[in-house]
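Input: a single structure, listed below in structure tokens.
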Amino acid sequence: MKTYGTEPTVPDPVQVGIAELAVVEGSDTLKSYGLGSCLAVALYDPGTEVGGLAHVMLPSGDDVDGADRKPGKYADTAIRALLRRMVERGANYVDVEAKLTGGSDMFEFESFGESVGQRNVDAARSELEKLGVPIVAEDVGGSRGRTVEFTPATGAVTVRSSSEGGEVCEL
Amino acid sequence: MKLDVNALGTFHRIAREGATLAAGRLTRLADVDTQVGVTKLNFMRGSELRREFEDGERVGIRVALSGGLEGHSLVVFDRESALRIVGILLEETEEFDGMTESAITEVGHIINGGHVDGWADVLETVVDVSTPEFVEGSGPEPFFEGIDDAPTGDDLAILFRSRIEAVGTEIGFDHYLFPDRSSMATLLDRIRTGEGVAYDKLEGFDRMAERGADEVAETVTTMTGIETAVEIRRLNFVALETIPRTVPDERLVGIAFEFDGTPSGYLLFLFDEESAHAVVDAMVPGGADGEGFDGMARSAITELGNIMASGFLDGWANVLGTTIDHSPPEFVHDIGAAAVDPIVVKLGERQEFAFVFDTVITADGRELDCEVYAIPDERDLERALDDLEVDRVEEAPTTAEFDSVEGS
């Protein structure tokens, strides 16, 4: 039988696709590509270096049947699931901090109303407030896509603008 | 025999669970991390299905189903995927022998078992599965031979396309269900929650896809002078969140529209940067200034997109006998997923799944690829199909006058 992973290599970042979430520790890196109106929620506990990233698609799953099957899809269920999994891995609930990025409005369509991206931002802020998790940094809104990398060891969230020019900002 | 979005959603979930089960089993058998990639429900004409089998070698298993669900079920891998499975379970090989055949049969059987168990659960009955038969070859014959219910000609088949991702590799497989018609009708009655649309009307779907795609290819050829053809034309039924995952992770040039009528929805044309440059060079005499997509380049692509949208929706409106207006174009130059996710986020407020009319236009011998994503609002689509008289589809003219509503 073949064995894999015997060569010592730098681990690739774990990709967190749309509607997914993942929890890691230390210097492991989580990455989400091409967020438009979606929102990336990064939670971490600086003490234990346990952290997680959710690539949220919609504001609220509380009234949706079967939302528990895909907790990463909704801002509220994703934040609760991240916290639970982090605590299970040793994070201290009271020390957890949040960083938000994404929630752009890429198109001005009539059917989109005021803002599609902003609703995700509002939902995440309100759920975090309810749970007493402070938002320590955010880069939200605008009309550009973002690619996000997050490492719990430092709590650093690197946001790369994916439109022309491609500026990078660190949260 | 009628089906609705809920029934298709159930099919989708069963397919995904079948793939998850198989991925889990692979993990245990080979001690390799695996996860399920994208699962798609695909509609395909019998004639096209057979044509697809003409291309390349395939390996798989087929079983007969009886009891609660009558018919046949096939799990088919392309040769590369099959070799990867063998590579994971045994060792690298170039040929299929007794040993490798049994590895493929085992994996195929697990995937099939996952699906069949899902259907049995839905039907609350027992479905008997015959011993799996290993099949290999190029061309449709070895796979479809002796199966009366295999679709031919214009019959529309439902198939399930899934991917399992393992460390540094990917295994793709197609799962075909060829049920006996009355058996399928019972299954659909059980999982349908709404009125539903007659299965035969799904043919209208295929015509829509065909007309829309042809119109787009024609428009590009007329506007740029570059000969283009429809390379891929698929009608997929997918979970909304899988749509951005299938778009390339690179910066693309896109033109997006919302359309309103029967049906309503969103339409997006995506060019890779090289193709976008090719379009600009062909449309702007002497080429556009600079490398970017501002000014002239942007207006040329936006103009092309606008005419493509009119042609595409024109094709649909003709098939359906309805009127469809579209918004002014919105230009985007960004990572592909970022251009698609706002549409997915908006539709996600009301629906979990979407029909995606997935089309790829290519030019012979030149770099010009354009991916077309047309995603209708599912409620409108169901209504539009229900109103469709299948007989008139054939009579619909290919091209008709179409007025896009600017500034609406």
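Ligands are numbered from 1 in the order shown, residues from 1 within each chain, and chains are lettered A, B, ... in the order they appear in the structure tokens.
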
*Can you list, as a PyMOL selection string, every protein, DNA or RNA residue that comes within 10 Å of Thr48 (chain A) when you count only C-alpha atoms, leaving out same-chain residues fewer than 3 positions away?*
chain A and resi 25-26+44-45+51+86+89-92+95-96+152-153

Can you write out as a Markdown table which residues of chain A fall within 10 Å of chain B, alongside each residue's closest atom pair and its distance in Å to one decimal, counting only C-alpha atoms and ordering rows by chain and ascending residue number?
```
| residue | atom | partner | partner_atom | distance |
| --- | --- | --- | --- | --- |
| A:Met1 | CA | B:Leu90 | CA | 5.2 |
| A:Lys2 | CA | B:Glu91 | CA | 6.3 |
| A:Thr3 | CA | B:Val32 | CA | 8.1 |
| A:Tyr4 | CA | B:Val32 | CA | 7.5 |
| A:Gly5 | CA | B:Val167 | CA | 8.6 |
| A:Gly17 | CA | B:Arg245 | CA | 7.0 |
| A:Ile18 | CA | B:Glu241 | CA | 6.0 |
| A:Ala19 | CA | B:Glu241 | CA | 6.5 |
| A:Glu20 | CA | B:Glu241 | CA | 9.4 |
| A:Tyr33 | CA | B:Asp249 | CA | 7.1 |
| A:Gly34 | CA | B:Ala338 | CA | 4.6 |
| A:Leu35 | CA | B:Ala338 | CA | 5.0 |
| A:Gly36 | CA | B:Ala338 | CA | 3.9 |
| A:Ser37 | CA | B:Pro342 | CA | 5.0 |
| A:Cys38 | CA | B:Asp341 | CA | 6.6 |
| A:Val56 | CA | B:Val345 | CA | 9.5 |
| A:Met57 | CA | B:Val345 | CA | 5.8 |
| A:Leu58 | CA | B:Val345 | CA | 6.2 |
| A:Pro59 | CA | B:Glu349 | CA | 8.9 |
| A:Ser60 | CA | B:Glu349 | CA | 9.4 |
| A:Lys73 | CA | B:Glu241 | CA | 8.3 |
| A:Gly102 | CA | B:Ala338 | CA | 9.8 |
| A:Gly103 | CA | B:Pro342 | CA | 9.1 |
| A:Ser104 | CA | B:Pro342 | CA | 8.3 |
| A:Asp105 | CA | B:Pro342 | CA | 7.3 |
| A:Met106 | CA | B:Pro342 | CA | 6.9 |
| A:Phe107 | CA | B:Glu330 | CA | 6.4 |
| A:Glu108 | CA | B:Glu330 | CA | 7.6 |
| A:Phe109 | CA | B:Glu258 | CA | 6.7 |
| A:Glu110 | CA | B:Glu258 | CA | 8.2 |
| A:Ser111 | CA | B:Glu258 | CA | 7.9 |
| A:Phe112 | CA | B:Lys346 | CA | 6.8 |
| A:Gly113 | CA | B:Lys346 | CA | 9.8 |
| A:Ser115 | CA | B:Lys346 | CA | 9.7 |
| A:Val116 | CA | B:Lys346 | CA | 6.5 |
| A:Gly117 | CA | B:Pro342 | CA | 7.5 |
| A:Asn120 | CA | B:Val345 | CA | 9.3 |
| A:Ser143 | CA | B:Val332 | CA | 9.5 |
| A:Arg144 | CA | B:Asp334 | CA | 7.2 |
| A:Gly145 | CA | B:Ala338 | CA | 5.1 |
| A:Arg146 | CA | B:Ala338 | CA | 7.5 |
| A:Thr147 | CA | B:Ile335 | CA | 8.6 |
| A:Ser161 | CA | B:Asp334 | CA | 8.8 |
| A:Ser162 | CA | B:Asp334 | CA | 5.6 |
| A:Ser163 | CA | B:Asp334 | CA | 4.5 |
| A:Glu164 | CA | B:His333 | CA | 7.1 |
| A:Gly166 | CA | B:Asp334 | CA | 9.6 |
```

*Interatomic distance (Å, one decimal) between CA of Met1 (chain B) and CA of Lys201 (chain B)*: 10.4 Å

*strand (DSSP E) per DSSP on the backbone: members of region 244-377 of chain B, as a PyMOL selection string*: chain B and resi 251-261+265-272+324-326+330-335+353-363+369-376

_Which of region 68-126 of chain A fall in alpha helix (DSSP H), as a PyMOL selection string_ = chain A and resi 75-88+116-126

Preceding selection exported with C-alpha atoms as a PDB file, in the first residue's frame:
```pdb
ATOM      1  CA  ALA A  75     -23.386  33.827   9.967  1.00  0.00           C
ATOM      2  CA  ASP A  76     -25.187  32.959  13.207  1.00  0.00           C
ATOM      3  CA  THR A  77     -24.822  29.173  13.064  1.00  0.00           C
ATOM      4  CA  ALA A  78     -21.223  29.430  11.821  1.00  0.00           C
ATOM      5  CA  ILE A  79     -20.126  31.642  14.708  1.00  0.00           C
ATOM      6  CA  ARG A  80     -21.719  29.333  17.269  1.00  0.00           C
ATOM      7  CA  ALA A  81     -20.240  26.222  15.626  1.00  0.00           C
ATOM      8  CA  LEU A  82     -16.765  27.819  15.473  1.00  0.00           C
ATOM      9  CA  LEU A  83     -16.904  28.761  19.148  1.00  0.00           C
ATOM     10  CA  ARG A  84     -18.093  25.312  20.189  1.00  0.00           C
ATOM     11  CA  ARG A  85     -15.382  23.530  18.211  1.00  0.00           C
ATOM     12  CA  MET A  86     -12.707  25.914  19.491  1.00  0.00           C
ATOM     13  CA  VAL A  87     -13.734  25.382  23.105  1.00  0.00           C
ATOM     14  CA  GLU A  88     -13.682  21.622  22.485  1.00  0.00           C
ATOM     15  CA  VAL A 116     -26.455  41.916  -0.255  1.00  0.00           C
ATOM     16  CA  GLY A 117     -23.049  41.891   1.467  1.00  0.00           C
ATOM     17  CA  GLN A 118     -23.970  44.260   4.295  1.00  0.00           C
ATOM     18  CA  ARG A 119     -26.660  41.896   5.586  1.00  0.00           C
ATOM     19  CA  ASN A 120     -24.015  39.260   6.268  1.00  0.00           C
ATOM     20  CA  VAL A 121     -21.858  41.823   8.094  1.00  0.00           C
ATOM     21  CA  ASP A 122     -24.810  43.002  10.226  1.00  0.00           C
ATOM     22  CA  ALA A 123     -25.804  39.436  11.116  1.00  0.00           C
ATOM     23  CA  ALA A 124     -22.258  38.521  12.177  1.00  0.00           C
ATOM     24  CA  ARG A 125     -21.880  41.667  14.287  1.00  0.00           C
ATOM     25  CA  SER A 126     -25.158  41.043  16.060  1.00  0.00           C
TER      26      SER A 126
END
```

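Here CA of Leu49 (chain B) is placed at a distance of 14.3 Å from CA of Ile147 (chain B).
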
*Can you work out the spacing between CA of Val24 (chain A) and CA of Gly52 (chain A) in Å, to one decimal?*
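Here the two named atoms are 6.1 Å from each other.
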
*Shortest interatomic distance to Thr154 (chain A) - which of A:Asp28, A:Glu138, A:Asp65, A:Glu114, counting only C-alpha atoms*: A:Asp28

Can you tell me, as a compact mmCIF listing (two decimals) with C-alpha atoms, in the first residue's frame, what residues are no more than 6 Å from Val127 (chain B) when counting only C-alpha atoms, ignoring any on the same chain fewer than 5 positions away?
```txt
# COMPACT_ATOMS: atom_id res chain seq x y z
CA SER B 66 -35.27 -4.90 -8.29
CA GLY B 67 -37.86 -4.80 -5.57
CA GLY B 68 -38.86 -1.25 -4.57
CA LEU B 69 -36.97 0.26 -7.47
CA ALA B 120 -34.55 2.67 -0.36
```

_Residues within 6 Å of Ala23 (chain B), please, as a list in words. Count only C-alpha atoms; anything in the same chain fewer than 3 positions from it doesn't count._
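Selected residues are Thr20, Leu26 and Thr34 of chain B.
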
Just all heavy atoms for this one: save the residues we selected as a PDB file, in the first residue's frame.
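Below is the file that was written, out.pdb:
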```pdb
ATOM      1  N   THR B  20     -20.175  10.609   0.004  1.00  0.00           N
ATOM      2  CA  THR B  20     -19.545  10.749   1.323  1.00  0.00           C
ATOM      3  C   THR B  20     -19.214   9.387   1.912  1.00  0.00           C
ATOM      4  O   THR B  20     -18.135   9.171   2.475  1.00  0.00           O
ATOM      5  CB  THR B  20     -20.487  11.512   2.287  1.00  0.00           C
ATOM      6  OG1 THR B  20     -20.905  12.719   1.647  1.00  0.00           O
ATOM      7  CG2 THR B  20     -19.809  11.846   3.593  1.00  0.00           C
ATOM      8  N   LEU B  26     -13.053   4.775   1.485  1.00  0.00           N
ATOM      9  CA  LEU B  26     -11.715   4.879   0.892  1.00  0.00           C
ATOM     10  C   LEU B  26     -10.688   5.274   1.948  1.00  0.00           C
ATOM     11  O   LEU B  26      -9.571   4.759   1.977  1.00  0.00           O
ATOM     12  CB  LEU B  26     -11.709   5.932  -0.212  1.00  0.00           C
ATOM     13  CG  LEU B  26     -11.847   5.480  -1.655  1.00  0.00           C
ATOM     14  CD1 LEU B  26     -11.756   6.679  -2.577  1.00  0.00           C
ATOM     15  CD2 LEU B  26     -10.767   4.468  -2.026  1.00  0.00           C
ATOM     16  N   THR B  34      -9.679  11.772   2.639  1.00  0.00           N
ATOM     17  CA  THR B  34     -10.479  12.088   1.455  1.00  0.00           C
ATOM     18  C   THR B  34     -11.624  13.003   1.855  1.00  0.00           C
ATOM     19  O   THR B  34     -12.018  13.047   3.014  1.00  0.00           O
ATOM     20  CB  THR B  34     -11.112  10.820   0.833  1.00  0.00           C
ATOM     21  OG1 THR B  34     -11.933  10.202   1.814  1.00  0.00           O
ATOM     22  CG2 THR B  34     -10.084   9.863   0.327  1.00  0.00           C
TER      23      THR B  34
END
```

*Pick out the residues sitting within 9 Å of Glu382 (chain B), and hand them over as a PyMOL selection string; count only C-alpha atoms, and ignore anything fewer than 3 positions along from it in its own chain.*
chain B and resi 4-5+196-197+263+377-379+385-387

_Excluding region 229-233 of chain B and its own-chain neighbours fewer than 6 positions away, which residues fall within 9 Å of it when counting only C-alpha atoms? Please give them as a list in words._
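Contacts, with the query itself left out: Ala209, Glu210, Ala213, Asp214, Val216, Ala217, Glu218, Thr221, Phe357, Asp358, Thr359, Val360, Ile361, Thr362, Ala363 and Asp364 of chain B.
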
Serialized selection, N, CA, C and O atoms, as a PDB file, in the first residue's frame:
```pdb
ATOM      1  N   ALA B 209     -31.168  25.498 -23.201  1.00  0.00           N
ATOM      2  CA  ALA B 209     -29.709  25.491 -23.098  1.00  0.00           C
ATOM      3  C   ALA B 209     -29.084  25.548 -24.491  1.00  0.00           C
ATOM      4  O   ALA B 209     -28.145  26.300 -24.737  1.00  0.00           O
ATOM      5  N   GLU B 210     -29.658  24.768 -25.392  1.00  0.00           N
ATOM      6  CA  GLU B 210     -29.119  24.678 -26.745  1.00  0.00           C
ATOM      7  C   GLU B 210     -29.231  26.015 -27.480  1.00  0.00           C
ATOM      8  O   GLU B 210     -28.262  26.531 -28.021  1.00  0.00           O
ATOM      9  N   ALA B 213     -27.011  28.829 -25.930  1.00  0.00           N
ATOM     10  CA  ALA B 213     -25.588  28.636 -26.217  1.00  0.00           C
ATOM     11  C   ALA B 213     -25.272  28.973 -27.667  1.00  0.00           C
ATOM     12  O   ALA B 213     -24.298  29.670 -27.961  1.00  0.00           O
ATOM     13  N   ASP B 214     -26.115  28.502 -28.579  1.00  0.00           N
ATOM     14  CA  ASP B 214     -25.876  28.769 -30.003  1.00  0.00           C
ATOM     15  C   ASP B 214     -25.891  30.265 -30.283  1.00  0.00           C
ATOM     16  O   ASP B 214     -25.071  30.773 -31.046  1.00  0.00           O
ATOM     17  N   VAL B 216     -25.166  32.694 -28.261  1.00  0.00           N
ATOM     18  CA  VAL B 216     -23.971  33.340 -27.717  1.00  0.00           C
ATOM     19  C   VAL B 216     -22.778  33.130 -28.645  1.00  0.00           C
ATOM     20  O   VAL B 216     -22.057  34.069 -28.989  1.00  0.00           O
ATOM     21  N   ALA B 217     -22.584  31.905 -29.088  1.00  0.00           N
ATOM     22  CA  ALA B 217     -21.448  31.600 -29.972  1.00  0.00           C
ATOM     23  C   ALA B 217     -21.548  32.430 -31.253  1.00  0.00           C
ATOM     24  O   ALA B 217     -20.553  32.995 -31.730  1.00  0.00           O
ATOM     25  N   GLU B 218     -22.761  32.519 -31.774  1.00  0.00           N
ATOM     26  CA  GLU B 218     -22.977  33.281 -33.001  1.00  0.00           C
ATOM     27  C   GLU B 218     -22.657  34.759 -32.804  1.00  0.00           C
ATOM     28  O   GLU B 218     -22.023  35.386 -33.651  1.00  0.00           O
ATOM     29  N   THR B 221     -18.938  35.388 -32.654  1.00  0.00           N
ATOM     30  CA  THR B 221     -18.351  35.280 -33.991  1.00  0.00           C
ATOM     31  C   THR B 221     -18.648  36.543 -34.808  1.00  0.00           C
ATOM     32  O   THR B 221     -17.755  37.105 -35.448  1.00  0.00           O
ATOM     33  N   PHE B 357     -27.238  26.757 -16.108  1.00  0.00           N
ATOM     34  CA  PHE B 357     -27.019  26.475 -17.521  1.00  0.00           C
ATOM     35  C   PHE B 357     -25.563  26.832 -17.779  1.00  0.00           C
ATOM     36  O   PHE B 357     -25.202  27.984 -17.865  1.00  0.00           O
ATOM     37  N   ASP B 358     -24.755  25.811 -17.844  1.00  0.00           N
ATOM     38  CA  ASP B 358     -23.316  25.944 -17.864  1.00  0.00           C
ATOM     39  C   ASP B 358     -22.851  25.768 -19.315  1.00  0.00           C
ATOM     40  O   ASP B 358     -23.079  24.723 -19.903  1.00  0.00           O
ATOM     41  N   THR B 359     -22.247  26.806 -19.859  1.00  0.00           N
ATOM     42  CA  THR B 359     -21.866  26.762 -21.270  1.00  0.00           C
ATOM     43  C   THR B 359     -20.440  27.255 -21.432  1.00  0.00           C
ATOM     44  O   THR B 359     -20.054  28.219 -20.787  1.00  0.00           O
ATOM     45  N   VAL B 360     -19.671  26.595 -22.238  1.00  0.00           N
ATOM     46  CA  VAL B 360     -18.331  27.083 -22.548  1.00  0.00           C
ATOM     47  C   VAL B 360     -18.211  27.268 -24.054  1.00  0.00           C
ATOM     48  O   VAL B 360     -18.513  26.362 -24.827  1.00  0.00           O
ATOM     49  N   ILE B 361     -17.810  28.474 -24.449  1.00  0.00           N
ATOM     50  CA  ILE B 361     -17.614  28.788 -25.861  1.00  0.00           C
ATOM     51  C   ILE B 361     -16.109  28.828 -26.113  1.00  0.00           C
ATOM     52  O   ILE B 361     -15.375  29.442 -25.339  1.00  0.00           O
ATOM     53  N   THR B 362     -15.640  28.178 -27.157  1.00  0.00           N
ATOM     54  CA  THR B 362     -14.211  28.254 -27.478  1.00  0.00           C
ATOM     55  C   THR B 362     -14.017  28.571 -28.951  1.00  0.00           C
ATOM     56  O   THR B 362     -14.920  28.369 -29.759  1.00  0.00           O
ATOM     57  N   ALA B 363     -12.835  29.084 -29.262  1.00  0.00           N
ATOM     58  CA  ALA B 363     -12.498  29.373 -30.651  1.00  0.00           C
ATOM     59  C   ALA B 363     -11.477  28.354 -31.109  1.00  0.00           C
ATOM     60  O   ALA B 363     -10.608  27.960 -30.347  1.00  0.00           O
ATOM     61  N   ASP B 364     -11.614  27.932 -32.330  1.00  0.00           N
ATOM     62  CA  ASP B 364     -10.706  26.943 -32.877  1.00  0.00           C
ATOM     63  C   ASP B 364      -9.314  27.540 -33.029  1.00  0.00           C
ATOM     64  O   ASP B 364      -9.150  28.560 -33.693  1.00  0.00           O
TER      65      ASP B 364
END
```
